[in-house]
>>> print(open('protein_18.cif').read())   # mmCIF, C-alpha atoms
data_run
loop_
_atom_site.group_PDB
_atom_site.id
_atom_site.type_symbol
_atom_site.label_atom_id
_atom_site.label_comp_id
_atom_site.auth_asym_id
_atom_site.auth_seq_id
_atom_site.Cartn_x
_atom_site.Cartn_y
_atom_site.Cartn_z
ATOM 1 C CA MET C 3 0.000 0.000 0.000
ATOM 2 C CA ARG C 4 1.340 3.423 -0.922
ATOM 3 C CA ARG C 5 1.500 6.016 1.813
ATOM 4 C CA LYS C 6 2.482 9.638 1.473
ATOM 5 C CA ARG C 7 3.410 12.007 4.259
ATOM 6 C CA VAL C 8 4.023 15.741 4.114
ATOM 7 C CA LEU C 9 5.877 17.172 7.124
ATOM 8 C CA PRO C 10 7.207 20.626 8.007
ATOM 9 C CA LEU C 11 10.953 20.028 7.728
ATOM 10 C CA ALA C 12 11.946 22.512 10.430
ATOM 11 C CA ALA C 13 9.686 20.746 12.916
ATOM 12 C CA LEU C 14 11.118 17.416 11.817
ATOM 13 C CA LEU C 15 14.642 18.573 12.540
ATOM 14 C CA LEU C 16 13.764 20.127 15.872
ATOM 15 C CA CYS C 17 12.127 16.924 17.106
ATOM 16 C CA THR C 18 15.392 15.018 16.693
ATOM 17 C CA PRO C 19 17.087 15.114 20.145
ATOM 18 C CA ALA C 20 20.641 14.734 18.872
ATOM 19 C CA LEU C 21 20.436 17.868 16.731
ATOM 20 C CA ALA C 22 21.673 19.950 19.642
ATOM 21 C CA GLY C 23 24.949 18.031 19.666
ATOM 22 C CA THR C 24 26.531 14.724 18.817
ATOM 23 C CA ALA C 25 24.979 11.965 20.906
ATOM 24 C CA PRO C 26 27.239 9.534 22.748
ATOM 25 C CA ALA C 27 28.236 6.498 20.703
ATOM 26 C CA VAL C 28 26.159 3.452 21.594
ATOM 27 C CA ALA C 29 27.198 -0.172 21.776
ATOM 28 C CA ALA C 30 26.815 -2.283 18.647
ATOM 29 C CA PRO C 31 24.737 -5.459 18.866
ATOM 30 C CA ALA C 32 26.509 -8.804 18.706
ATOM 31 C CA GLY C 33 24.253 -10.019 15.890
ATOM 32 C CA PRO C 34 22.985 -8.480 12.643
ATOM 33 C CA LEU C 35 22.734 -4.707 12.457
ATOM 34 C CA ARG C 36 19.787 -2.422 11.889
ATOM 35 C CA ILE C 37 20.940 -0.302 8.951
ATOM 36 C CA LEU C 38 19.493 2.882 7.485
ATOM 37 C CA LEU C 39 20.500 2.858 3.816
ATOM 38 C CA THR C 40 20.554 6.120 1.876
ATOM 39 C CA ASN C 41 22.287 7.633 -1.166
ATOM 40 C CA ASP C 42 22.242 10.647 -3.478
ATOM 41 C CA ASP C 43 21.399 8.876 -6.754
ATOM 42 C CA GLY C 44 17.797 8.240 -5.746
ATOM 43 C CA TYR C 45 15.965 5.485 -3.872
ATOM 44 C CA ASN C 46 15.583 3.303 -6.968
ATOM 45 C CA ALA C 47 19.131 3.648 -8.337
ATOM 46 C CA PRO C 48 21.109 0.444 -9.056
ATOM 47 C CA GLY C 49 23.707 1.140 -6.364
ATOM 48 C CA ILE C 50 21.297 1.413 -3.454
ATOM 49 C CA ARG C 51 19.178 -1.506 -4.637
ATOM 50 C CA LYS C 52 22.248 -3.710 -4.937
ATOM 51 C CA ALA C 53 23.360 -2.541 -1.490
ATOM 52 C CA PHE C 54 19.946 -3.408 -0.056
ATOM 53 C CA GLU C 55 20.104 -6.916 -1.532
ATOM 54 C CA ARG C 56 23.698 -7.587 -0.459
ATOM 55 C CA LEU C 57 23.388 -6.228 3.083
ATOM 56 C CA THR C 58 20.084 -8.045 3.579
ATOM 57 C CA ALA C 59 21.635 -11.276 2.294
ATOM 58 C CA ALA C 60 24.386 -10.784 4.899
ATOM 59 C CA GLY C 61 21.674 -10.957 7.555
ATOM 60 C CA HIS C 62 21.240 -7.278 8.372
ATOM 61 C CA ASP C 63 17.898 -5.536 8.852
ATOM 62 C CA VAL C 64 18.031 -2.858 6.153
ATOM 63 C CA THR C 65 15.647 0.043 5.558
ATOM 64 C CA ILE C 66 16.023 2.415 2.612
ATOM 65 C CA VAL C 67 15.386 6.081 3.398
ATOM 66 C CA ALA C 68 16.704 7.920 0.355
ATOM 67 C CA PRO C 69 15.920 10.793 -2.011
ATOM 68 C CA LEU C 70 12.965 10.461 -4.343
ATOM 69 C CA THR C 71 15.051 11.844 -7.227
ATOM 70 C CA ASN C 72 18.719 12.140 -8.147
ATOM 71 C CA GLN C 73 20.421 14.521 -5.708
ATOM 72 C CA SER C 74 24.025 14.136 -6.833
ATOM 73 C CA GLY C 75 26.227 17.055 -5.860
ATOM 74 C CA THR C 76 23.915 18.402 -3.154
ATOM 75 C CA GLY C 77 26.591 17.888 -0.517
ATOM 76 C CA THR C 78 25.474 18.434 3.065
ATOM 77 C CA LYS C 79 22.434 20.531 2.134
ATOM 78 C CA MET C 80 19.510 20.079 4.519
ATOM 79 C CA MET C 81 16.147 21.769 5.110
ATOM 80 C CA SER C 82 15.800 22.057 1.341
ATOM 81 C CA ALA C 83 12.140 23.163 1.543
ATOM 82 C CA PRO C 84 9.645 24.229 4.228
ATOM 83 C CA THR C 85 7.725 20.971 3.677
ATOM 84 C CA ILE C 86 8.764 17.656 2.178
ATOM 85 C CA THR C 87 6.765 14.892 0.564
ATOM 86 C CA VAL C 88 7.614 11.385 1.730
ATOM 87 C CA LYS C 89 6.447 8.299 -0.152
ATOM 88 C CA HIS C 90 6.412 4.745 1.202
ATOM 89 C CA PRO C 91 6.119 2.764 -2.048
ATOM 90 C CA GLU C 92 7.015 -0.638 -0.639
ATOM 91 C CA PRO C 93 7.983 -2.275 2.655
ATOM 92 C CA LYS C 94 11.384 -1.174 3.942
ATOM 93 C CA VAL C 95 11.553 1.694 1.441
ATOM 94 C CA TRP C 96 10.936 5.404 2.086
ATOM 95 C CA ALA C 97 11.443 7.976 -0.689
ATOM 96 C CA VAL C 98 11.995 11.553 0.507
ATOM 97 C CA ASP C 99 11.508 14.459 -1.885
ATOM 98 C CA GLY C 100 14.634 16.207 -0.646
ATOM 99 C CA THR C 101 18.377 15.800 -0.225
ATOM 100 C CA PRO C 102 20.307 12.916 1.329
ATOM 101 C CA GLY C 103 20.575 15.008 4.499
ATOM 102 C CA ASP C 104 16.796 15.460 4.523
ATOM 103 C CA SER C 105 16.384 11.709 4.008
ATOM 104 C CA VAL C 106 18.664 10.731 6.868
ATOM 105 C CA THR C 107 17.112 13.306 9.185
ATOM 106 C CA PHE C 108 13.617 12.051 8.363
ATOM 107 C CA GLY C 109 14.758 8.466 8.818
ATOM 108 C CA LEU C 110 16.219 9.105 12.255
ATOM 109 C CA ALA C 111 13.322 11.255 13.445
ATOM 110 C CA GLU C 112 10.408 9.249 12.032
ATOM 111 C CA VAL C 113 11.258 5.850 10.570
ATOM 112 C CA PHE C 114 13.630 4.990 13.434
ATOM 113 C CA ALA C 115 11.935 7.278 15.969
ATOM 114 C CA GLY C 116 13.227 6.650 19.490
ATOM 115 C CA ASP C 117 15.415 3.734 18.421
ATOM 116 C CA ALA C 118 18.285 4.881 16.210
ATOM 117 C CA PRO C 119 19.790 2.422 13.708
ATOM 118 C CA ASP C 120 23.129 0.825 14.480
ATOM 119 C CA LEU C 121 24.640 2.164 11.264
ATOM 120 C CA VAL C 122 23.893 4.467 8.338
ATOM 121 C CA VAL C 123 25.291 3.347 4.989
ATOM 122 C CA SER C 124 25.194 5.897 2.163
ATOM 123 C CA GLY C 125 25.602 4.466 -1.332
ATOM 124 C CA THR C 126 26.983 2.835 -3.175
ATOM 125 C CA ASN C 127 27.404 5.931 -5.306
ATOM 126 C CA PHE C 128 27.724 5.792 -9.098
ATOM 127 C CA GLY C 129 31.222 7.213 -9.545
ATOM 128 C CA PRO C 130 33.963 8.208 -7.112
ATOM 129 C CA ASN C 131 33.838 10.571 -4.169
ATOM 130 C CA VAL C 132 37.517 11.333 -3.722
ATOM 131 C CA ALA C 133 39.422 14.623 -3.381
ATOM 132 C CA GLY C 134 37.231 17.682 -3.968
ATOM 133 C CA LEU C 135 34.374 15.491 -5.174
ATOM 134 C CA ALA C 136 33.852 14.273 -1.605
ATOM 135 C CA THR C 137 33.344 17.828 -0.356
ATOM 136 C CA HIS C 138 30.338 18.310 -2.644
ATOM 137 C CA SER C 139 29.036 14.742 -2.600
ATOM 138 C CA GLY C 140 25.468 14.046 -1.542
ATOM 139 C CA THR C 141 26.569 10.512 -0.699
ATOM 140 C CA VAL C 142 29.084 11.865 1.787
ATOM 141 C CA GLY C 143 26.507 14.447 2.886
ATOM 142 C CA GLY C 144 24.094 11.693 3.903
ATOM 143 C CA ALA C 145 26.776 10.061 6.027
ATOM 144 C CA VAL C 146 27.699 13.406 7.594
ATOM 145 C CA ALA C 147 24.056 13.981 8.574
ATOM 146 C CA ALA C 148 24.144 10.671 10.460
ATOM 147 C CA LEU C 149 27.389 11.591 12.225
ATOM 148 C CA GLU C 150 25.881 14.907 13.312
ATOM 149 C CA HIS C 151 23.194 12.887 15.074
ATOM 150 C CA GLY C 152 25.611 10.502 16.764
ATOM 151 C CA VAL C 153 24.979 7.533 14.451
ATOM 152 C CA PRO C 154 27.966 5.662 12.935
ATOM 153 C CA ALA C 155 28.139 6.100 9.165
ATOM 154 C CA ILE C 156 29.899 4.781 6.084
ATOM 155 C CA ALA C 157 29.836 6.436 2.647
ATOM 156 C CA LEU C 158 30.345 4.007 -0.258
ATOM 157 C CA SER C 159 31.337 4.955 -3.807
ATOM 158 C CA THR C 160 32.279 2.962 -6.896
ATOM 159 C CA GLY C 161 34.471 4.347 -9.663
ATOM 160 C CA GLY C 162 37.849 5.569 -10.838
ATOM 161 C CA VAL C 163 38.922 9.178 -11.183
ATOM 162 C CA SER C 164 37.778 9.406 -14.808
ATOM 163 C CA ALA C 165 34.188 9.786 -15.996
ATOM 164 C CA PRO C 166 32.394 6.565 -15.028
ATOM 165 C CA ASP C 167 31.393 4.049 -17.693
ATOM 166 C CA PRO C 168 27.827 2.905 -16.941
ATOM 167 C CA VAL C 169 28.235 -0.831 -17.494
ATOM 168 C CA THR C 170 31.584 -1.387 -15.806
ATOM 169 C CA THR C 171 30.708 0.898 -12.894
ATOM 170 C CA VAL C 172 27.473 -0.964 -12.168
ATOM 171 C CA ASN C 173 29.373 -4.261 -12.442
ATOM 172 C CA ALA C 174 31.990 -2.973 -9.982
ATOM 173 C CA MET C 175 29.269 -2.315 -7.431
ATOM 174 C CA GLY C 176 29.313 -6.056 -6.747
ATOM 175 C CA PRO C 177 32.910 -6.094 -5.458
ATOM 176 C CA THR C 178 32.238 -2.771 -3.687
ATOM 177 C CA LEU C 179 29.420 -4.296 -1.678
ATOM 178 C CA ASP C 180 31.316 -7.521 -1.028
ATOM 179 C CA PHE C 181 33.977 -5.360 0.595
ATOM 180 C CA ALA C 182 31.370 -3.321 2.463
ATOM 181 C CA VAL C 183 30.000 -6.501 4.051
ATOM 182 C CA LYS C 184 33.523 -7.504 5.121
ATOM 183 C CA LEU C 185 34.181 -4.040 6.503
ATOM 184 C CA ILE C 186 30.955 -4.017 8.509
ATOM 185 C CA ASP C 187 31.761 -7.478 9.864
ATOM 186 C CA ARG C 188 35.194 -6.189 10.865
ATOM 187 C CA LEU C 189 33.686 -3.186 12.648
ATOM 188 C CA ARG C 190 31.199 -5.380 14.499
ATOM 189 C CA THR C 191 33.893 -7.854 15.538
ATOM 190 C CA ARG C 192 36.210 -5.119 16.786
ATOM 191 C CA ALA C 193 33.404 -3.311 18.579
ATOM 192 C CA ARG C 194 32.638 -6.216 20.920
ATOM 193 C CA SER C 195 30.497 -4.465 23.511
ATOM 194 C CA GLY C 196 31.467 -0.971 22.339
ATOM 195 C CA PRO C 197 30.478 1.326 19.454
ATOM 196 C CA LEU C 198 31.015 0.343 15.812
ATOM 197 C CA LEU C 199 33.158 3.440 15.231
ATOM 198 C CA PRO C 200 34.744 6.021 17.519
ATOM 199 C CA GLU C 201 32.343 8.813 18.422
ATOM 200 C CA GLY C 202 31.946 11.292 15.589
ATOM 201 C CA VAL C 203 34.168 9.415 13.120
ATOM 202 C CA GLY C 204 32.806 7.958 9.882
ATOM 203 C CA LEU C 205 34.425 6.265 6.914
ATOM 204 C CA ASN C 206 34.449 7.386 3.277
ATOM 205 C CA VAL C 207 35.082 4.252 1.204
ATOM 206 C CA ASN C 208 35.979 4.478 -2.487
ATOM 207 C CA HIS C 209 36.205 1.249 -4.482
ATOM 208 C CA PRO C 210 37.955 1.330 -7.864
ATOM 209 C CA VAL C 211 36.685 -0.210 -11.083
ATOM 210 C CA VAL C 212 38.993 -3.162 -11.759
ATOM 211 C CA GLY C 213 39.190 -5.285 -14.896
ATOM 212 C CA ALA C 214 37.689 -4.907 -18.347
ATOM 213 C CA ASP C 215 34.180 -5.605 -17.094
ATOM 214 C CA GLY C 216 34.540 -4.026 -13.641
ATOM 215 C CA THR C 217 34.279 -7.271 -11.687
ATOM 216 C CA GLY C 218 37.980 -7.634 -10.908
ATOM 217 C CA THR C 219 39.460 -7.732 -7.418
ATOM 218 C CA ALA C 220 41.041 -4.582 -6.041
ATOM 219 C CA ALA C 221 44.803 -4.606 -5.451
ATOM 220 C CA GLY C 222 44.369 -3.999 -1.733
ATOM 221 C CA VAL C 223 42.941 -1.663 0.898
ATOM 222 C CA SER C 224 44.591 1.590 1.971
ATOM 223 C CA PRO C 225 43.880 3.950 4.872
ATOM 224 C CA THR C 226 43.834 7.317 3.126
ATOM 225 C CA PHE C 227 43.019 11.005 3.440
ATOM 226 C CA GLN C 228 41.107 13.280 1.089
ATOM 227 C CA ASP C 229 43.434 14.543 -1.644
ATOM 228 C CA PRO C 230 43.471 18.373 -1.684
ATOM 229 C CA GLN C 231 42.920 18.693 -5.445
ATOM 230 C CA THR C 232 39.507 19.566 -6.875
ATOM 231 C CA LEU C 233 39.473 17.092 -9.851
ATOM 232 C CA LEU C 234 36.723 18.944 -11.743
ATOM 233 C CA GLU C 235 37.446 22.191 -13.551
ATOM 234 C CA PRO C 236 34.522 24.250 -14.950
ATOM 235 C CA ASP C 237 34.795 26.391 -18.072
ATOM 236 C CA PHE C 238 32.312 29.159 -18.912
ATOM 237 C CA THR C 239 31.474 30.569 -22.365
ATOM 238 C CA ASP C 240 29.498 33.794 -22.717
ATOM 239 C CA ALA C 241 26.620 33.301 -25.164
ATOM 240 C CA GLY C 242 26.173 37.077 -25.384
ATOM 241 C CA ASP C 243 22.522 37.026 -24.353
ATOM 242 C CA GLY C 244 22.966 37.031 -20.585
ATOM 243 C CA THR C 245 23.470 33.281 -20.440
ATOM 244 C CA TRP C 246 26.659 31.305 -20.033
ATOM 245 C CA LYS C 247 27.391 27.775 -21.153
ATOM 246 C CA MET C 248 29.294 25.688 -18.622
ATOM 247 C CA THR C 249 31.346 22.614 -19.430
ATOM 248 C CA VAL C 250 33.297 20.540 -16.938
ATOM 249 C CA LYS C 251 36.472 18.562 -17.455
ATOM 250 C CA VAL C 252 38.515 16.280 -15.220
ATOM 251 C CA ASP C 253 41.753 17.990 -14.228
ATOM 252 C CA LEU C 254 43.782 15.207 -12.606
ATOM 253 C CA ARG C 255 47.060 16.297 -11.065
ATOM 254 C CA PRO C 256 49.703 14.147 -9.370
ATOM 255 C CA ALA C 257 48.113 12.557 -6.329
ATOM 256 C CA ALA C 258 49.295 13.350 -2.823
ATOM 257 C CA LYS C 259 51.105 10.431 -1.246
ATOM 258 C CA GLY C 260 48.735 8.433 0.922
ATOM 259 C CA SER C 261 45.639 10.091 -0.524
ATOM 260 C CA ASP C 262 42.373 8.597 -1.757
ATOM 261 C CA VAL C 263 43.220 9.588 -5.350
ATOM 262 C CA GLU C 264 46.550 7.757 -5.169
ATOM 263 C CA ALA C 265 44.891 4.590 -3.844
ATOM 264 C CA VAL C 266 41.998 4.469 -6.313
ATOM 265 C CA THR C 267 44.266 5.277 -9.257
ATOM 266 C CA ALA C 268 46.430 2.303 -8.235
ATOM 267 C CA GLY C 269 43.376 0.031 -8.125
ATOM 268 C CA ARG C 270 43.205 -0.033 -4.341
ATOM 269 C CA ILE C 271 40.221 0.575 -2.071
ATOM 270 C CA ALA C 272 40.540 3.927 -0.282
ATOM 271 C CA VAL C 273 39.179 4.197 3.258
ATOM 272 C CA SER C 274 39.291 7.758 4.576
ATOM 273 C CA PRO C 275 38.059 8.893 7.997
ATOM 274 C CA MET C 276 35.595 11.772 8.045
ATOM 275 C CA ASN C 277 34.034 13.937 10.738
ATOM 276 C CA ALA C 278 30.887 16.012 10.638
ATOM 277 C CA ASP C 279 33.040 19.083 11.348
ATOM 278 C CA TRP C 280 35.642 18.126 8.666
ATOM 279 C CA ASN C 281 38.475 18.171 11.188
ATOM 280 C CA THR C 282 40.017 14.765 10.581
ATOM 281 C CA GLY C 283 43.678 14.464 11.411
ATOM 282 C CA PRO C 284 46.471 11.943 12.015
ATOM 283 C CA ALA C 285 44.660 10.390 14.987
ATOM 284 C CA ASP C 286 41.582 9.675 12.875
ATOM 285 C CA ARG C 287 43.714 8.234 10.101
ATOM 286 C CA ALA C 288 45.383 5.989 12.668
ATOM 287 C CA VAL C 289 41.931 4.776 13.696
ATOM 288 C CA ALA C 290 41.022 4.027 10.073
ATOM 289 C CA SER C 291 44.324 2.219 9.585
ATOM 290 C CA ALA C 292 43.717 0.016 12.617
ATOM 291 C CA LEU C 293 40.157 -0.772 11.567
ATOM 292 C CA ILE C 294 41.158 -2.114 8.141
ATOM 293 C CA ALA C 295 44.498 -3.738 9.061
ATOM 294 C CA GLY C 296 44.731 -7.042 7.231
ATOM 295 C CA LEU C 297 41.370 -6.609 5.508
ATOM 296 C CA ARG C 298 41.315 -7.848 1.918
ATOM 297 C CA PRO C 299 39.048 -6.898 -1.022
#
>>> encode(input="protein_18.cif", output="structure tokens")
Amino acid sequence: MRRKRVLPLAALLLCTPALAGTAPAVAAPAGPLRILLTNDDGYNAPGIRKAFERLTAAGHDVTIVAPLTNQSGTGTKMMSAPTITVKHPEPKVWAVDGTPGDSVTFGLAEVFAGDAPDLVVSGTNFGPNVAGLATHSGTVGGAVAALEHGVPAIALSTGGVSAPDPVTTVNAMGPTLDFAVKLIDRLRTRARSGPLLPEGVGLNVNHPVVGADGTGTAAGVSPTFQDPQTLLEPDFTDAGDGTWKMTVKVDLRPAAKGSDVEAVTAGRIAVSPMNADWNTGPADRAVASALIAGLRP
């Protein structure tokens, strides 16, 4: 049965207790996790549907709360309109007519009201979210919204640093999600009776496209940081009538040593720590390094 809800977004945000500050990290359960799954490509995109299938097959209780339409590039934008329309087209699926941040906020305040999920997974995104792309990514923005509310979060992306090829990128989502399941198992095992991730720290995971058809195995897993380069360079042409035509090209420069760009370019999975306030540093990278030590693609 289809259900539609229209809620004042400001009221929705204010009714979420953790909005006033990051809530203390809670202990992870010993068994399967309750996962809020979001993205920025839209609730029916291949990446999120594949993630739903794979995480559910791994035994987790997964609920999709994601944008109704493609919201790529919306970053951390929230409160995108005074009211939002929310559709419930099928069990375990909520489609929010807003940004990834709106979706996560609605999910925490309404779908998981009073009983926050153990983990928010955002993605897997179609294409990479490395370097400057991560700053503007709606996929990363969804994960950041979870971190702001004290919920552990992982952003997942699939792709190299060039423009993504549709077929190989979708194929590579399989290995991406296989790794995501391993990573989540690792976090749960290490957590024991504690939180899945240190308070306020999330992970931005970028899986490369490997092999001619995208189904190859990555060369390894690297703890990384966000490369300082922008990657995308816009160019504007004046049409002379008050309008400007914009084109965008990839401007790939030499990667910083130890960065996400370096890892993905070398066919390795990049795992970068991220904070809701952007202030990751050596200590956070040390945490990420310890979490993935010995983990294979």
>>> residues_around(input="protein_18.cif", residues="Ala214 of chain C", least_positions_apart="6", cutoff="12 Å", atoms="only C-alpha atoms", output="PyMOL selection string")
chain C and resi 167+169-171+173-174
>>> resolve_selection(input="protein_18.cif", expression="the PyMOL selection byres ((chain C and resi 194) around 12)", output="number ranges by chain")
C: 28-33, 187-193, 195-199
>>> closest_residue(input="protein_18.cif", among="C:Val142, C:Asn277, C:Gly125, C:Ala295", to="Leu185 of chain C", atoms="all atoms listed in the file")
C:Ala295
>>> atom_distance(input="protein_18.cif", atom1="atom CA of Val223 of chain C", atom2="atom CA of Asn208 of chain C")
9.9 Å
>>> closest_residue(input="protein_18.cif", among="C:Ala220, C:Ile86, C:Ala258, C:Ile37", to="Pro177 of chain C", atoms="all atoms listed in the file")
C:Ala220
>>> resolve_selection(input="protein_18.cif", expression="the PyMOL selection byres ((chain C and resi 43) around 12)", output="ChimeraX atom specification")
/C:40-42,44-51,68-76,97,100-102,124-129,139-142,144,159
>>> closest_residue(input="protein_18.cif", among="C:Pro284, C:Asp229, C:Arg36, C:Pro275", to="Val146 of chain C", atoms="all atoms listed in the file")
C:Pro275
>>> decode(input="protein_18.cif", residues="segment 158-184 of chain C", atoms="C-alpha atoms", output="compact mmCIF listing (two decimals), in the first residue's frame")
# COMPACT_ATOMS: atom_id res chain seq x y z
CA LEU C 158 30.35 4.01 -0.26
CA SER C 159 31.34 4.95 -3.81
CA THR C 160 32.28 2.96 -6.90
CA GLY C 161 34.47 4.35 -9.66
CA GLY C 162 37.85 5.57 -10.84
CA VAL C 163 38.92 9.18 -11.18
CA SER C 164 37.78 9.41 -14.81
CA ALA C 165 34.19 9.79 -16.00
CA PRO C 166 32.39 6.57 -15.03
CA ASP C 167 31.39 4.05 -17.69
CA PRO C 168 27.83 2.91 -16.94
CA VAL C 169 28.24 -0.83 -17.49
CA THR C 170 31.58 -1.39 -15.81
CA THR C 171 30.71 0.90 -12.89
CA VAL C 172 27.47 -0.96 -12.17
CA ASN C 173 29.37 -4.26 -12.44
CA ALA C 174 31.99 -2.97 -9.98
CA MET C 175 29.27 -2.32 -7.43
CA GLY C 176 29.31 -6.06 -6.75
CA PRO C 177 32.91 -6.09 -5.46
CA THR C 178 32.24 -2.77 -3.69
CA LEU C 179 29.42 -4.30 -1.68
CA ASP C 180 31.32 -7.52 -1.03
CA PHE C 181 33.98 -5.36 0.60
CA ALA C 182 31.37 -3.32 2.46
CA VAL C 183 30.00 -6.50 4.05
CA LYS C 184 33.52 -7.50 5.12
